[in-house]
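S.K.: Sending over a structure as structure tokens; questions will come in a sec.
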Amino acid sequence: MGLANYITAILNFAAFLCSIPIIAAGIWFAQKPDNVCIHLFRWPVIVLGFLILLVSLAGFVGACFYKKTLLAFYLCCMAILIALLLILLVFAFVVTRPDGSYDVPGKGYKEYRVDGYSSWLRNRIVDSKSWYKIRACLADTDVCPKLNQQYITVDQFFAAHPSPLQSGCCKPPTACGYNFVNPTVWTNPTNPTGDPDCYLWSNDQTQLCYNCKSCRAGLLGNLRSEWRKVNIILMVAVVVLICVYVIACSALKNAQTEDLFRRYKQGWI
């Protein structure tokens with residue numbers, strides 16, 4: 001195996017290693033409670049990660065045994081996968097750029113407005129016919145019960161930093177003026193007209209604020225936060241894969257040139 005093939009094999013092994021954090025990020029993202037309830041967002045990153053892994057293995061085998069067909073397959077498929085990864089990265093960045101969160105005076109947590117998020121997310125999640133199923137799925141998770149285990153007193157809760165999903169779905173809006181009993185039980189609102197969601201709050205642990213707009217906004221806030229974390233991994237992966245691809249193309253081109261020159265010296269052409 002020539003030097004160029006060694007280099008190509010090493011680069012493909014690097015691409016193989018690069019696919020592992022992509023797959024891990026996709027699995028982490030898919031296992032989050034909000035994504036368990038929204039199937040649309042669960043698989044793109046995982047699928048791309050596995051495809052990059054398989055294509056990298058094909059390129060590695062092709063470089064080790066100098067199988068021109070496998071190398072051609074690798075170069076073509078990897079270019080397509082890098083383009084898809086770039087499209088996903090740019091799309092996710094654009095869709096998650098708007099932020100519907102706002103600070104609550106005197107509280108450690110933030111609250112969220114649906115209108116603050118991108119129209120694409122709103123149309124696919126909060127304005128979709130599937131919201132009833134999403135709401136029922138969220139009610140079956142341990143997102144809200146966890147708060148009762150973590151925070152006992154009102155001071156602890158008001159200083160806490162719950163997730164956007166917990167802030168939007170597990171408590172009433174602060175503007176309603178409800179009195180704290182525990183993180184998921186609130187009574188006697190002093191300003192029930194302060195927010196339309198005030199009338200939708202229920203101490204029924206299967207209802208809470210799952211029917212509230214703040215819950216939909218909190219879900220979007222969770223998705224935004226998680227996607228932006230995944231974007232960091234995807235960004236690093238794209239840079240590494242592009243570098244690997246460019247160097248691999250250069251190495252293969254040099255190998256073909258050297259092979260052609262050697263055959264020419266030997267009088268084969």
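Residues in the structure tokens are numbered from 1 in each chain, the chains being A, B, ... in the order shown, and ligands are numbered from 1 in the order shown.
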Would you please extract all strand (DSSP E or B) residues from segment 72-244 of chain A, as assigned by DSSP on the backbone, and give them as a PyMOL selection string?
M.R.: chain A and resi 101-103+110-112+179-182+185-187
S.K.: Residues at most 12 Å from Thr153 of chain A, counting only C-alpha atoms, excluding those fewer than 5 positions away in the same chain, as a PDB file with N, CA and C atoms, in the first residue's frame?
M.R.:
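And here is the file that came out, part-v5.pdb:
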```
ATOM      1  N   LEU A 147     -39.573  18.153  39.672  1.00  0.00           N
ATOM      2  CA  LEU A 147     -39.475  19.427  40.392  1.00  0.00           C
ATOM      3  C   LEU A 147     -39.826  19.261  41.867  1.00  0.00           C
ATOM      4  N   ASN A 148     -40.812  18.419  42.157  1.00  0.00           N
ATOM      5  CA  ASN A 148     -41.227  18.212  43.547  1.00  0.00           C
ATOM      6  C   ASN A 148     -40.137  17.528  44.369  1.00  0.00           C
ATOM      7  N   PHE A 158     -38.013  29.649  43.579  1.00  0.00           N
ATOM      8  CA  PHE A 158     -37.892  30.944  42.913  1.00  0.00           C
ATOM      9  C   PHE A 158     -36.442  31.257  42.506  1.00  0.00           C
ATOM     10  N   ALA A 159     -35.489  30.610  43.163  1.00  0.00           N
ATOM     11  CA  ALA A 159     -34.085  30.802  42.798  1.00  0.00           C
ATOM     12  C   ALA A 159     -33.594  29.751  41.798  1.00  0.00           C
ATOM     13  N   ALA A 160     -34.473  28.819  41.449  1.00  0.00           N
ATOM     14  CA  ALA A 160     -34.076  27.688  40.606  1.00  0.00           C
ATOM     15  C   ALA A 160     -34.002  28.087  39.132  1.00  0.00           C
ATOM     16  N   PHE A 180     -47.492  29.708  46.077  1.00  0.00           N
ATOM     17  CA  PHE A 180     -46.742  28.455  46.010  1.00  0.00           C
ATOM     18  C   PHE A 180     -47.142  27.502  47.139  1.00  0.00           C
ATOM     19  N   VAL A 181     -47.449  26.254  46.799  1.00  0.00           N
ATOM     20  CA  VAL A 181     -47.615  25.176  47.771  1.00  0.00           C
ATOM     21  C   VAL A 181     -46.466  24.194  47.597  1.00  0.00           C
ATOM     22  N   ASN A 182     -46.295  23.755  46.375  1.00  0.00           N
ATOM     23  CA  ASN A 182     -45.088  23.034  45.950  1.00  0.00           C
ATOM     24  C   ASN A 182     -44.933  23.311  44.457  1.00  0.00           C
ATOM     25  N   PRO A 183     -43.859  22.869  43.819  1.00  0.00           N
ATOM     26  CA  PRO A 183     -43.627  23.272  42.431  1.00  0.00           C
ATOM     27  C   PRO A 183     -44.753  22.965  41.458  1.00  0.00           C
TER      28      PRO A 183
END
```
S.K.: Check which residues of segment 182-262 of chain A sit at most 9 Å from segment 35-58 of chain A using only C-alpha atoms, and return one row each with the closest pair of atoms and their distance in Å to one decimal, ordered by chain and rising number, as a tab-separated table.
M.R.:
```
residue	atom	partner	partner_atom	distance
A:Leu223	CA	A:Asn35	CA	7.8
A:Val230	CA	A:Val45	CA	8.9
A:Leu234	CA	A:Val45	CA	8.8
```
S.K.: Generate the output file for the selected residues, C-alpha atoms, as a compact mmCIF listing (two decimals), in the first residue's frame.
M.R.:
```
# COMPACT_ATOMS: atom_id res chain seq x y z
CA LEU A 223 -35.94 22.19 21.46
CA VAL A 230 -26.10 19.62 19.03
CA LEU A 234 -22.18 19.26 14.14
```
S.K.: Which one of A:Lys129, A:Lys229, A:Phe157, A:Ser19 sits closest to Gly106 of chain A if you count only C-alpha atoms?
M.R.: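 That would be A:Phe157, the residue with the smallest distance to Gly106 of chain A.
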S.K.: Can you tell me which residues surround Arg228 of chain A at a distance of at most 9 Å, considering only C-alpha atoms, apart from same-chain residues fewer than 6 positions away, and format the answer as a PyMOL selection string?
M.R.: chain A and resi 92-93+96-97
S.K.: I'd like the interatomic distance between atom CA of Tyr112 of chain A and atom CA of Leu89 of chain A, to a tenth of an Å.
M.R.: 24.4 Å
S.K.: For the alpha helix (DSSP H) assignment from backbone DSSP, which residues of segment 87-266 of chain A qualify? Please present them as number ranges by chain.
M.R.: A: 87-96, 119-121, 131-139, 145-150, 154-158, 164-169, 213-265
